[in-house]
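Visitor: The following file, model34.txt, comprises compact mmCIF, C-alpha atoms:
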# COMPACT_ATOMS: atom_id res chain seq x y z
CA MET E 1 -24.96 42.79 83.44
CA PRO E 2 -21.58 42.57 81.64
CA SER E 3 -21.39 40.95 78.22
CA THR E 4 -19.80 37.54 77.64
CA ALA E 5 -16.68 39.19 76.16
CA LEU E 6 -16.38 41.53 79.15
CA ARG E 7 -16.84 38.70 81.64
CA ASN E 8 -14.12 36.76 79.85
CA ARG E 9 -11.70 39.70 80.00
CA ILE E 10 -12.41 40.08 83.70
CA SER E 11 -11.73 36.39 84.34
CA GLY E 12 -8.63 36.43 82.13
CA GLN E 13 -9.64 33.47 79.98
CA VAL E 14 -12.22 32.41 77.42
CA PRO E 15 -14.07 29.15 78.17
CA LEU E 16 -13.62 26.63 75.36
CA PRO E 17 -17.27 26.53 74.18
CA ALA E 18 -17.46 30.33 74.34
CA SER E 19 -14.42 30.65 72.06
CA THR E 20 -16.01 28.30 69.51
CA LEU E 21 -18.18 29.31 66.57
CA ALA E 22 -20.50 26.58 65.28
CA LEU E 23 -21.40 26.51 61.59
CA VAL E 24 -24.41 24.35 60.70
CA LEU E 25 -24.45 23.46 57.01
CA ALA E 26 -28.09 23.51 55.92
CA GLY E 27 -27.95 24.31 52.23
CA GLY E 28 -27.99 20.89 50.57
CA ASN E 29 -30.57 20.04 47.90
CA GLY E 30 -31.54 16.65 49.38
CA THR E 31 -32.10 14.88 46.07
CA ARG E 32 -31.79 11.38 47.60
CA LEU E 33 -35.09 11.96 49.42
CA GLY E 34 -36.96 12.51 46.18
CA ASP E 35 -40.20 14.48 46.37
CA LEU E 36 -39.96 14.68 50.15
CA THR E 37 -37.57 17.59 49.62
CA ARG E 38 -39.43 19.04 46.66
CA TRP E 39 -40.35 22.17 48.63
CA GLU E 40 -37.98 22.18 51.61
CA CYS E 41 -34.39 21.31 52.45
CA LYS E 42 -33.36 18.25 54.49
CA PRO E 43 -32.64 20.13 57.73
CA ALA E 44 -36.24 21.41 57.74
CA LEU E 45 -37.84 17.98 57.36
CA PRO E 46 -39.91 16.83 60.34
CA PHE E 47 -38.43 14.03 62.40
CA GLY E 48 -39.84 12.04 65.29
CA GLY E 49 -43.24 13.68 65.01
CA LYS E 50 -42.74 17.17 66.43
CA PHE E 51 -39.05 17.88 65.77
CA ARG E 52 -37.15 18.95 62.66
CA ASN E 53 -33.83 17.47 61.60
CA ILE E 54 -31.85 20.59 62.44
CA ASP E 55 -33.15 20.63 66.03
CA PHE E 56 -30.73 17.86 67.01
CA SER E 57 -27.52 19.66 66.04
CA LEU E 58 -28.76 22.94 67.51
CA SER E 59 -29.85 21.28 70.76
CA ASN E 60 -26.43 19.61 71.00
CA CYS E 61 -24.80 23.03 70.71
CA LEU E 62 -26.88 24.53 73.51
CA HIS E 63 -26.33 21.58 75.85
CA SER E 64 -22.59 21.82 75.10
CA GLY E 65 -22.46 25.50 76.04
CA ILE E 66 -21.92 26.67 72.45
CA ARG E 67 -24.06 29.76 72.02
CA ARG E 68 -22.56 31.32 68.89
CA ILE E 69 -24.10 29.49 65.97
CA ALA E 70 -24.54 30.32 62.28
CA VAL E 71 -26.84 28.32 60.00
CA LEU E 72 -25.73 28.42 56.36
CA THR E 73 -28.68 28.09 53.96
CA GLN E 74 -29.14 27.93 50.21
CA TYR E 75 -31.76 25.68 48.58
CA LYS E 76 -35.48 25.77 49.49
CA SER E 77 -34.82 27.45 52.81
CA GLN E 78 -38.11 29.22 53.57
CA THR E 79 -39.54 26.47 55.82
CA LEU E 80 -36.21 26.28 57.65
CA ILE E 81 -36.08 30.06 58.10
CA HIS E 82 -39.62 30.09 59.44
CA HIS E 83 -38.78 27.30 61.89
CA LEU E 84 -35.59 28.94 63.14
CA GLU E 85 -37.31 32.28 63.62
CA GLY E 86 -40.13 30.67 65.57
CA ALA E 87 -38.15 28.18 67.65
CA TRP E 88 -34.58 29.40 67.92
CA SER E 89 -34.61 33.17 68.40
CA PHE E 90 -34.32 33.17 72.18
CA LEU E 91 -30.57 33.54 72.74
CA PRO E 92 -29.60 36.95 74.20
CA ARG E 93 -27.52 38.77 71.60
CA ALA E 94 -26.61 41.39 74.21
CA LEU E 95 -24.57 38.66 75.94
CA GLY E 96 -22.80 37.70 72.73
CA GLU E 97 -25.04 34.69 72.04
CA PHE E 98 -26.87 34.11 68.77
CA ILE E 99 -28.24 31.71 66.19
CA ASP E 100 -27.82 33.58 62.92
CA LEU E 101 -29.09 32.72 59.46
CA TRP E 102 -26.43 33.16 56.80
CA PRO E 103 -28.06 32.71 53.38
CA ALA E 104 -26.01 32.31 50.22
CA GLN E 105 -25.15 35.91 49.31
CA GLN E 106 -22.23 35.59 46.84
CA ARG E 107 -20.11 37.64 49.25
CA LEU E 108 -16.71 36.40 48.04
CA ASP E 109 -17.67 34.52 44.89
CA PRO E 110 -20.02 35.26 41.97
CA ASP E 111 -21.47 31.72 42.15
CA TRP E 112 -23.78 29.99 44.59
CA TYR E 113 -22.23 27.49 46.99
CA THR E 114 -20.46 24.81 44.98
CA GLY E 115 -19.60 22.54 47.94
CA THR E 116 -19.57 22.40 51.71
CA ALA E 117 -16.12 24.00 51.96
CA ASN E 118 -17.08 26.70 49.48
CA ALA E 119 -20.13 27.51 51.61
CA VAL E 120 -17.85 28.26 54.55
CA PHE E 121 -15.29 30.06 52.37
CA GLN E 122 -17.94 32.44 51.05
CA ASN E 123 -18.68 33.49 54.64
CA LEU E 124 -15.07 33.93 55.80
CA ASP E 125 -15.54 37.64 56.47
CA LEU E 126 -18.45 36.92 58.80
CA ILE E 127 -16.49 34.17 60.56
CA ARG E 128 -13.41 36.34 61.05
CA ALA E 129 -15.55 39.12 62.48
CA ARG E 130 -16.53 36.80 65.35
CA ALA E 131 -12.84 36.02 66.08
CA PRO E 132 -13.32 32.37 67.14
CA ARG E 133 -10.47 30.23 68.41
CA LEU E 134 -12.13 27.07 67.11
CA VAL E 135 -14.69 26.51 64.35
CA LEU E 136 -17.09 23.59 64.74
CA VAL E 137 -18.62 22.48 61.44
CA LEU E 138 -21.84 20.46 61.64
CA ALA E 139 -24.45 19.02 59.32
CA GLY E 140 -28.04 20.11 59.80
CA ASP E 141 -29.66 16.79 58.88
CA HIS E 142 -28.20 14.19 61.27
CA VAL E 143 -29.98 12.65 64.25
CA TYR E 144 -27.88 12.20 67.39
CA LYS E 145 -27.15 13.58 70.86
CA MET E 146 -23.53 14.61 71.47
CA ASP E 147 -21.70 16.72 74.02
CA TYR E 148 -19.30 18.67 71.82
CA ARG E 149 -17.21 19.73 74.83
CA ARG E 150 -15.51 16.32 74.86
CA LEU E 151 -14.67 16.73 71.18
CA LEU E 152 -13.26 20.23 71.68
CA ALA E 153 -11.17 19.19 74.68
CA GLN E 154 -9.67 16.18 72.89
CA HIS E 155 -8.94 18.32 69.84
CA LEU E 156 -6.84 20.75 71.86
CA GLN E 157 -5.08 17.98 73.75
CA SER E 158 -4.15 16.17 70.52
CA GLY E 159 -2.37 19.12 68.97
CA ALA E 160 -4.10 18.43 65.64
CA GLU E 161 -5.25 21.17 63.30
CA VAL E 162 -8.58 19.43 62.63
CA THR E 163 -10.47 16.65 64.39
CA VAL E 164 -13.11 14.50 62.73
CA ALA E 165 -15.80 12.76 64.81
CA CYS E 166 -16.40 9.17 63.76
CA VAL E 167 -18.55 6.10 64.43
CA PRO E 168 -18.53 2.51 63.12
CA VAL E 169 -21.08 1.79 60.38
CA PRO E 170 -21.86 -1.47 58.55
CA ALA E 171 -19.24 -2.20 55.89
CA ALA E 172 -22.00 -2.70 53.33
CA GLU E 173 -22.93 1.00 53.74
CA ALA E 174 -19.38 2.33 53.37
CA GLY E 175 -20.17 3.98 50.05
CA ASN E 176 -22.49 6.45 51.78
CA PHE E 177 -19.86 7.95 54.10
CA GLY E 178 -16.36 9.29 54.44
CA VAL E 179 -14.36 6.23 55.55
CA MET E 180 -11.12 6.47 57.53
CA THR E 181 -8.41 4.33 59.05
CA LEU E 182 -6.41 5.32 62.10
CA GLY E 183 -2.71 5.38 62.86
CA ALA E 184 -0.83 6.13 66.07
CA ASN E 185 -2.23 8.48 68.74
CA GLY E 186 -5.59 8.83 67.03
CA ARG E 187 -4.17 10.39 63.86
CA ILE E 188 -6.17 9.63 60.73
CA ALA E 189 -4.02 7.51 58.41
CA SER E 190 -6.36 7.51 55.39
CA PHE E 191 -9.66 9.08 54.40
CA VAL E 192 -11.86 8.40 51.36
CA GLU E 193 -15.19 10.16 50.83
CA LYS E 194 -17.97 7.81 49.70
CA PRO E 195 -15.59 5.17 48.35
CA SER E 196 -16.49 2.84 45.53
CA PRO E 197 -16.01 -0.91 46.11
CA ALA E 198 -12.78 -0.69 44.13
CA GLN E 199 -11.42 1.99 46.46
CA LEU E 200 -12.11 0.14 49.68
CA ASP E 201 -11.59 -3.52 50.52
CA THR E 202 -14.24 -4.52 53.08
CA ALA E 203 -13.76 -8.28 52.78
CA GLY E 204 -14.08 -9.91 56.19
CA ARG E 205 -15.00 -6.63 57.87
CA GLU E 206 -18.37 -6.11 59.52
CA THR E 207 -17.89 -2.37 60.07
CA VAL E 208 -15.81 0.55 58.85
CA LEU E 209 -15.02 3.80 60.63
CA ALA E 210 -17.15 6.59 59.16
CA SER E 211 -17.00 10.35 59.47
CA MET E 212 -20.04 11.90 61.16
CA GLY E 213 -19.62 15.13 59.20
CA VAL E 214 -18.65 16.79 62.50
CA TYR E 215 -15.35 18.68 62.28
CA VAL E 216 -13.52 21.03 64.63
CA PHE E 217 -10.80 23.24 63.16
CA ASN E 218 -8.29 25.62 64.61
CA ALA E 219 -9.65 28.85 63.15
CA ASP E 220 -6.44 30.19 61.58
CA TYR E 221 -5.75 26.80 60.00
CA LEU E 222 -9.28 26.69 58.54
CA TYR E 223 -8.89 30.16 57.01
CA GLU E 224 -5.62 29.22 55.33
CA ARG E 225 -6.91 25.86 54.06
CA LEU E 226 -10.11 27.37 52.66
CA ALA E 227 -8.17 30.07 50.82
CA ARG E 228 -5.81 27.45 49.38
CA ASP E 229 -8.74 25.25 48.34
CA ALA E 230 -10.52 28.18 46.66
CA ARG E 231 -7.46 28.71 44.43
CA SER E 232 -7.40 25.07 43.30
CA ALA E 233 -9.03 24.49 39.91
CA SER E 234 -9.14 20.73 40.50
CA SER E 235 -10.96 20.89 43.85
CA THR E 236 -14.65 20.15 44.32
CA HIS E 237 -14.53 22.55 47.30
CA ASP E 238 -15.95 19.97 49.68
CA PHE E 239 -14.82 19.12 53.20
CA GLY E 240 -15.04 15.36 52.76
CA ARG E 241 -13.56 15.20 49.28
CA ASP E 242 -10.89 17.89 49.54
CA LEU E 243 -10.09 19.59 52.86
CA ILE E 244 -10.12 16.55 55.14
CA PRO E 245 -8.04 14.31 52.78
CA ALA E 246 -5.52 17.16 52.41
CA ALA E 247 -5.23 17.50 56.19
CA VAL E 248 -4.85 13.72 56.52
CA ASN E 249 -2.07 13.63 53.91
CA ALA E 250 -0.27 16.37 55.83
CA GLY E 251 -0.59 14.48 59.13
CA GLU E 252 -2.72 17.25 60.62
CA ALA E 253 -6.02 15.41 61.23
CA ASN E 254 -7.10 13.53 64.32
CA ALA E 255 -10.14 11.30 64.98
CA PHE E 256 -12.64 11.52 67.82
CA ALA E 257 -14.53 8.31 68.59
CA PHE E 258 -18.13 9.15 69.43
CA THR E 259 -19.14 6.88 72.32
CA ASP E 260 -21.88 6.77 74.94
CA ALA E 261 -21.43 6.74 78.72
CA ALA E 262 -20.69 3.01 78.64
CA GLY E 263 -17.97 3.42 76.01
CA LYS E 264 -20.07 1.91 73.22
CA PRO E 265 -20.43 3.64 69.82
CA GLY E 266 -22.91 6.48 70.14
CA TYR E 267 -26.21 6.61 68.28
CA TRP E 268 -25.89 8.65 65.08
CA ARG E 269 -27.97 8.48 61.92
CA ASP E 270 -27.67 10.22 58.59
CA VAL E 271 -31.31 10.43 57.48
CA GLY E 272 -30.57 11.50 53.92
CA THR E 273 -32.38 8.66 52.11
CA LEU E 274 -35.94 7.38 52.29
CA ASP E 275 -34.76 4.10 53.79
CA SER E 276 -32.55 5.68 56.45
CA TYR E 277 -35.25 8.25 57.29
CA TRP E 278 -37.88 5.54 57.75
CA LYS E 279 -35.54 3.20 59.64
CA ALA E 280 -34.47 5.91 62.09
CA HIS E 281 -38.14 6.55 62.90
CA MET E 282 -38.72 2.87 63.54
CA GLU E 283 -35.70 2.88 65.86
CA LEU E 284 -37.38 5.58 67.94
CA LEU E 285 -40.02 2.97 68.77
CA ASP E 286 -37.46 0.37 69.90
CA GLY E 287 -36.41 0.17 73.51
CA ASP E 288 -33.02 -1.38 72.84
CA ILE E 289 -31.21 1.60 71.28
CA ASP E 290 -29.37 4.28 73.22
CA PHE E 291 -31.35 7.24 71.89
CA ASN E 292 -34.10 8.74 74.00
CA VAL E 293 -36.05 11.84 72.95
CA PHE E 294 -37.80 11.72 76.33
CA ASP E 295 -34.59 12.32 78.33
CA PRO E 296 -35.27 15.28 80.69
CA GLU E 297 -31.54 15.88 81.08
CA TRP E 298 -31.02 16.38 77.34
CA PRO E 299 -34.26 17.72 75.85
CA ILE E 300 -34.49 18.35 72.11
CA PHE E 301 -35.67 21.93 71.66
CA THR E 302 -38.10 22.77 68.90
CA ASN E 303 -41.05 25.00 68.04
CA ALA E 304 -43.92 24.51 70.50
CA ARG E 305 -47.10 24.50 68.44
CA GLN E 306 -50.31 25.81 69.96
CA LEU E 307 -52.37 22.66 69.37
CA PRO E 308 -54.86 20.78 71.53
CA PRO E 309 -54.05 17.35 72.99
CA ALA E 310 -54.23 14.28 70.77
CA GLN E 311 -57.69 12.71 70.71
CA VAL E 312 -58.55 9.04 70.22
CA LEU E 313 -62.19 8.33 69.35
CA SER E 314 -64.11 5.07 69.34
CA VAL E 315 -67.24 6.04 67.45
CA ALA E 316 -67.74 3.20 64.98
CA GLN E 317 -65.67 0.64 66.87
CA PRO E 318 -62.80 0.62 69.38
CA GLY E 319 -59.45 1.58 67.88
CA VAL E 320 -56.17 -0.14 68.64
CA MET E 321 -52.87 1.66 69.12
CA SER E 322 -49.53 0.07 69.93
CA ASP E 323 -45.83 1.02 69.95
CA SER E 324 -46.42 4.43 68.36
CA LEU E 325 -45.69 8.12 68.83
CA ILE E 326 -48.77 10.33 68.59
CA CYS E 327 -48.21 14.10 68.57
CA GLU E 328 -50.40 16.94 69.74
CA GLY E 329 -53.41 17.88 67.63
CA CYS E 330 -53.92 14.37 66.22
CA ILE E 331 -57.45 12.97 65.92
CA ILE E 332 -57.68 9.19 65.49
CA ASP E 333 -61.17 7.88 64.85
CA SER E 334 -61.72 4.15 65.51
CA ALA E 335 -58.48 3.28 63.69
CA THR E 336 -55.65 0.81 64.21
CA VAL E 337 -52.19 2.37 64.55
CA ASN E 338 -49.22 0.03 64.98
CA ARG E 339 -45.51 0.98 65.12
CA SER E 340 -46.13 4.35 63.56
CA VAL E 341 -45.17 7.99 64.11
CA LEU E 342 -47.89 10.59 63.64
CA GLY E 343 -46.84 14.24 63.48
CA PRO E 344 -48.83 17.18 64.87
CA GLY E 345 -52.30 17.71 63.47
CA VAL E 346 -52.61 14.36 61.69
CA ARG E 347 -56.12 12.95 61.28
CA VAL E 348 -56.90 9.26 60.72
CA GLY E 349 -60.37 8.26 59.57
CA GLU E 350 -62.49 5.48 61.01
CA GLN E 351 -61.57 1.85 60.38
CA SER E 352 -58.25 2.81 58.80
CA MET E 353 -55.11 0.82 59.55
CA LEU E 354 -51.57 2.19 59.79
CA ASP E 355 -48.62 -0.16 60.18
CA GLN E 356 -44.99 1.05 60.31
CA ALA E 357 -46.07 4.39 58.90
CA ILE E 358 -44.48 7.82 59.20
CA VAL E 359 -47.23 10.39 58.79
CA LEU E 360 -45.86 13.93 58.67
CA PRO E 361 -47.62 16.97 60.18
CA GLY E 362 -51.03 17.99 58.89
CA ALA E 363 -51.69 14.89 56.78
CA ARG E 364 -55.26 13.62 56.43
CA ILE E 365 -56.00 9.91 56.03
CA GLY E 366 -59.54 9.08 55.03
CA PRO E 367 -61.74 6.26 56.36
CA ARG E 368 -61.04 2.59 55.57
CA CYS E 369 -57.48 3.15 54.35
CA ARG E 370 -54.71 0.59 54.79
CA LEU E 371 -51.17 1.96 54.80
CA ARG E 372 -48.11 -0.16 55.52
CA ARG E 373 -44.40 0.83 55.45
CA VAL E 374 -45.09 4.29 54.08
CA ILE E 375 -43.92 7.88 54.49
CA VAL E 376 -46.79 10.32 54.05
CA GLU E 377 -45.88 13.89 53.11
CA CYS E 378 -46.91 16.93 55.19
CA ASP E 379 -50.50 18.13 54.58
CA CYS E 380 -51.15 15.25 52.19
CA SER E 381 -54.80 14.14 51.90
CA ILE E 382 -55.34 10.42 51.24
CA PRO E 383 -58.78 9.48 49.89
CA ALA E 384 -61.05 7.01 51.64
CA GLY E 385 -60.38 3.36 50.90
CA THR E 386 -56.80 3.86 49.69
CA VAL E 387 -54.55 0.80 50.04
CA ILE E 388 -50.76 1.28 49.92
CA GLY E 389 -48.00 -1.11 50.87
CA GLU E 390 -49.69 -4.40 50.04
CA ASP E 391 -49.10 -4.67 46.28
CA ALA E 392 -45.61 -3.54 45.25
CA ALA E 393 -46.39 -3.61 41.52
CA ALA E 394 -49.48 -1.45 41.91
CA ASP E 395 -47.64 0.95 44.23
CA ALA E 396 -44.78 1.33 41.75
CA GLU E 397 -47.22 2.63 39.12
CA ARG E 398 -48.28 5.48 41.43
CA PHE E 399 -45.53 6.23 43.93
CA THR E 400 -41.80 6.35 44.56
CA ILE E 401 -40.57 3.15 46.25
CA SER E 402 -37.21 2.96 48.01
CA PRO E 403 -34.74 0.06 47.59
CA ALA E 404 -36.06 -1.42 50.86
CA GLY E 405 -39.69 -1.14 49.71
CA ILE E 406 -40.73 2.00 51.59
CA VAL E 407 -43.48 3.88 49.72
CA LEU E 408 -43.35 7.69 49.59
CA VAL E 409 -46.85 9.17 49.38
CA THR E 410 -47.08 12.82 48.35
CA GLY E 411 -49.88 15.08 47.23
CA GLU E 412 -48.32 15.24 43.78
CA SER E 413 -48.13 11.44 43.44
CA LEU E 414 -51.77 11.08 44.49
CA SER E 415 -52.85 13.73 41.98
CA ARG E 416 -50.83 11.99 39.29
CA ALA E 417 -52.52 8.67 40.11
CA GLU E 418 -55.97 10.30 39.91
CA ARG E 419 -55.13 11.74 36.50
CA GLN E 420 -54.03 8.31 35.26
CA VAL E 421 -57.32 6.78 36.38
CA ALA E 422 -59.30 9.56 34.71
In structure tokens, what does this structure look like?
Guide:
Amino acid sequence: MPSTALRNRISGQVPLPASTLALVLAGGNGTRLGDLTRWECKPALPFGGKFRNIDFSLSNCLHSGIRRIAVLTQYKSQTLIHHLEGAWSFLPRALGEFIDLWPAQQRLDPDWYTGTANAVFQNLDLIRARAPRLVLVLAGDHVYKMDYRRLLAQHLQSGAEVTVACVPVPAAEAGNFGVMTLGANGRIASFVEKPSPAQLDTAGRETVLASMGVYVFNADYLYERLARDARSASSTHDFGRDLIPAAVNAGEANAFAFTDAAGKPGYWRDVGTLDSYWKAHMELLDGDIDFNVFDPEWPIFTNARQLPPAQVLSVAQPGVMSDSLICEGCIIDSATVNRSVLGPGVRVGEQSMLDQAIVLPGARIGPRCRLRRVIVECDCSIPAGTVIGEDAAADAERFTISPAGIVLVTGESLSRAERQVA
């Protein structure tokens, strides 16, 4: 069977997705998630029970026909590497398709990655070797479903050097995103990364237009801009703070509005804080959002664990479960589970109660526990009779609590609480 490159030469043209190289940025430290990213990076965090954050961007690439993908890693990457090797090593390299891991190697710079643009710059030799026409830059920690072919097609039609995908977000959250305004023909008129209130007037505005962290560049333009940025002593070497504003000022940047089939803003969530991570899980349980992980036409690929079916026991008394996602390998013993997401291998002891809880894979919850509005770390073991989420003052003495009152429960915080009692 001829290779992809040979088939393209025979046909006389290169299909747009096949001429695109996708770069998934997965090296961030994830400090806004506190101890949840103590041992692993954000893209490796479980989401929706059985998935990991990075599965969404990678699945989007495959459904969009993009089969040349590099994942750029740096901090705490071992869990991510293990996941990618187990779940994403099936593309046939003999046909020119791959999902490669590109760790920080100091190839062109003696330092580790100092920003998102610097991460790409330090891998320019690897990018050039693949000779892409377009370079698609993605984040590895966003939850959404998007056909990138529409983005690529609009980019070429616009004549822009770079196109930035965007969605409306609440004006009150503007400081968490790159915020833009548009001019004629979809050109970006202004762009400010994570603006302060003084930089952006949101009075009377319910929403602002935010960058999704999804960029498509003409390859030659990206090479030139990265080289120029690397020579700038005043640059932070970041796409949102440096490269995109420079392209906007030069009139070279276009916007792509991410919409669903009905023309409404598409579902996209940055799950980089405890509150956004918890809220996005709760949205999975709502029927009124346009995001469906059960869609057979757009499955989210991930690592299939060899676990038995979930088991619900009624030994001491009948349990009650409602509006929840229960993954394979779970054992729930006479417990009440309401509006919660339980990852693979979770065990819940008898007469325990979970309400609006995210319980990550492998966690153990003892008998007679009451947990409300919590995130429970992977493999965490919660002692019998533990109550969390009912007394904010008591919780604050033991655990990290988000601005919205979500309690993060980790093995370290439980050990610390035990030491305080002793």
Visitor: Figure out the distance between atom CA of E:Asp295 and atom CA of E:Cys41, please, to one decimal in Å.
Guide: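 Atom CA of E:Asp295 lies 27.4 Å from atom CA of E:Cys41.
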Visitor: Using only C-alpha atoms, find each residue of stretch 242-278 of chain E with at least one atom at most 9 Å away from an atom of stretch 288-293 of chain E; report its shortest atom-to-atom pair and that distance in Å (one decimal), sort the rows by chain and rising residue number, and return the result as a tab-separated table.
Guide:
residue	atom	partner	partner_atom	distance
E:Asp260	CA	E:Asp290	CA	8.1
E:Gly266	CA	E:Asp290	CA	7.5
E:Tyr267	CA	E:Asp290	CA	6.3
E:Trp268	CA	E:Phe291	CA	8.8
Visitor: Is there a way to get, as a PyMOL selection string, all residues within 12 Å of the point (-16.4, 8.8, 73.4) in file coordinates, counting all atoms listed in the file?
Guide: chain E and resi 146-154+165-167+255-267
Visitor: Smallest atom-to-atom distance to E:Ala227: which of E:Val120, E:Ala392, E:Val169, E:Val143, using only C-alpha atoms?
Guide: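 Closest candidate: E:Val120.
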Visitor: Hey, which of E:Ser334, E:Ser352, E:Ser158, E:Thr410 ends up closest to E:Glu377? Count all atoms listed in the file.
Guide: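 The answer is E:Thr410, which sits nearest to E:Glu377.
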Visitor: If you count only C-alpha atoms, which residues fall within 9 Å of E:Phe51, apart from same-chain ones fewer than 4 positions away, as a PyMOL selection string?
Guide: chain E and resi 45-47+55-56+300-303+343
Visitor: To one decimal place, how far is atom CA of E:Val337 from atom CA of E:Val387 in Å?
Guide: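 Distance between the two atoms: 14.8 Å.
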Visitor: Once you count all atoms listed in the file, which residues end up no further than 12 Å from (-54.3, 17.6, 60.2) in the file's frame, shown as a PyMOL selection string?
Guide: chain E and resi 307-308+310+327-332+342-349+359-366+377-382
Visitor: Provide the atom CA of E:Ile358 to atom CA of E:Ala174 distance in Å, to one decimal place.
Guide: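 So the answer is 26.3 Å.
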Visitor: I'd like to know which of E:Ala184, E:Met353, E:Ile54, E:Val320 is closest to E:Lys42, using only C-alpha atoms.
Guide: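 The shortest atom-to-atom distance to E:Lys42 comes from E:Ile54.
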Visitor: Working from the structure I just supplied, which lacks atoms in stretch 217-231 of chain E, can you model N, CA and C atoms there and output them as a PDB file, in the coordinates of the input?
Guide:
ATOM      1  N   PHE E 217     -12.030  22.699  63.735  1.00  0.00           N
ATOM      2  CA  PHE E 217     -10.800  23.240  63.160  1.00  0.00           C
ATOM      3  C   PHE E 217     -10.227  24.320  64.068  1.00  0.00           C
ATOM      4  N   ASN E 218      -8.916  24.399  64.127  1.00  0.00           N
ATOM      5  CA  ASN E 218      -8.290  25.620  64.610  1.00  0.00           C
ATOM      6  C   ASN E 218      -8.623  26.709  63.592  1.00  0.00           C
ATOM      7  N   ALA E 219      -9.091  27.849  64.063  1.00  0.00           N
ATOM      8  CA  ALA E 219      -9.650  28.850  63.150  1.00  0.00           C
ATOM      9  C   ALA E 219      -8.639  29.326  62.112  1.00  0.00           C
ATOM     10  N   ASP E 220      -7.431  29.675  62.534  1.00  0.00           N
ATOM     11  CA  ASP E 220      -6.440  30.190  61.580  1.00  0.00           C
ATOM     12  C   ASP E 220      -6.101  29.135  60.521  1.00  0.00           C
ATOM     13  N   TYR E 221      -6.021  27.890  60.948  1.00  0.00           N
ATOM     14  CA  TYR E 221      -5.750  26.800  60.000  1.00  0.00           C
ATOM     15  C   TYR E 221      -6.885  26.687  58.984  1.00  0.00           C
ATOM     16  N   LEU E 222      -8.129  26.786  59.450  1.00  0.00           N
ATOM     17  CA  LEU E 222      -9.280  26.690  58.540  1.00  0.00           C
ATOM     18  C   LEU E 222      -9.240  27.816  57.519  1.00  0.00           C
ATOM     19  N   TYR E 223      -8.940  29.040  57.956  1.00  0.00           N
ATOM     20  CA  TYR E 223      -8.890  30.160  57.010  1.00  0.00           C
ATOM     21  C   TYR E 223      -7.875  29.893  55.908  1.00  0.00           C
ATOM     22  N   GLU E 224      -6.685  29.444  56.300  1.00  0.00           N
ATOM     23  CA  GLU E 224      -5.620  29.220  55.330  1.00  0.00           C
ATOM     24  C   GLU E 224      -5.986  28.094  54.367  1.00  0.00           C
ATOM     25  N   ARG E 225      -6.550  27.003  54.898  1.00  0.00           N
ATOM     26  CA  ARG E 225      -6.910  25.860  54.060  1.00  0.00           C
ATOM     27  C   ARG E 225      -8.036  26.206  53.086  1.00  0.00           C
ATOM     28  N   LEU E 226      -9.006  26.983  53.541  1.00  0.00           N
ATOM     29  CA  LEU E 226     -10.110  27.370  52.660  1.00  0.00           C
ATOM     30  C   LEU E 226      -9.609  28.267  51.535  1.00  0.00           C
ATOM     31  N   ALA E 227      -8.717  29.192  51.855  1.00  0.00           N
ATOM     32  CA  ALA E 227      -8.170  30.070  50.820  1.00  0.00           C
ATOM     33  C   ALA E 227      -7.372  29.258  49.803  1.00  0.00           C
ATOM     34  N   ARG E 228      -6.588  28.295  50.290  1.00  0.00           N
ATOM     35  CA  ARG E 228      -5.810  27.450  49.380  1.00  0.00           C
ATOM     36  C   ARG E 228      -6.740  26.622  48.487  1.00  0.00           C
ATOM     37  N   ASP E 229      -7.795  26.066  49.103  1.00  0.00           N
ATOM     38  CA  ASP E 229      -8.740  25.250  48.340  1.00  0.00           C
ATOM     39  C   ASP E 229      -9.460  26.081  47.277  1.00  0.00           C
ATOM     40  N   ALA E 230      -9.799  27.328  47.617  1.00  0.00           N
ATOM     41  CA  ALA E 230     -10.520  28.180  46.660  1.00  0.00           C
ATOM     42  C   ALA E 230      -9.672  28.467  45.426  1.00  0.00           C
ATOM     43  N   ARG E 231      -8.344  28.435  45.574  1.00  0.00           N
ATOM     44  CA  ARG E 231      -7.460  28.710  44.430  1.00  0.00           C
ATOM     45  C   ARG E 231      -7.229  27.474  43.566  1.00  0.00           C
TER      46      ARG E 231
END
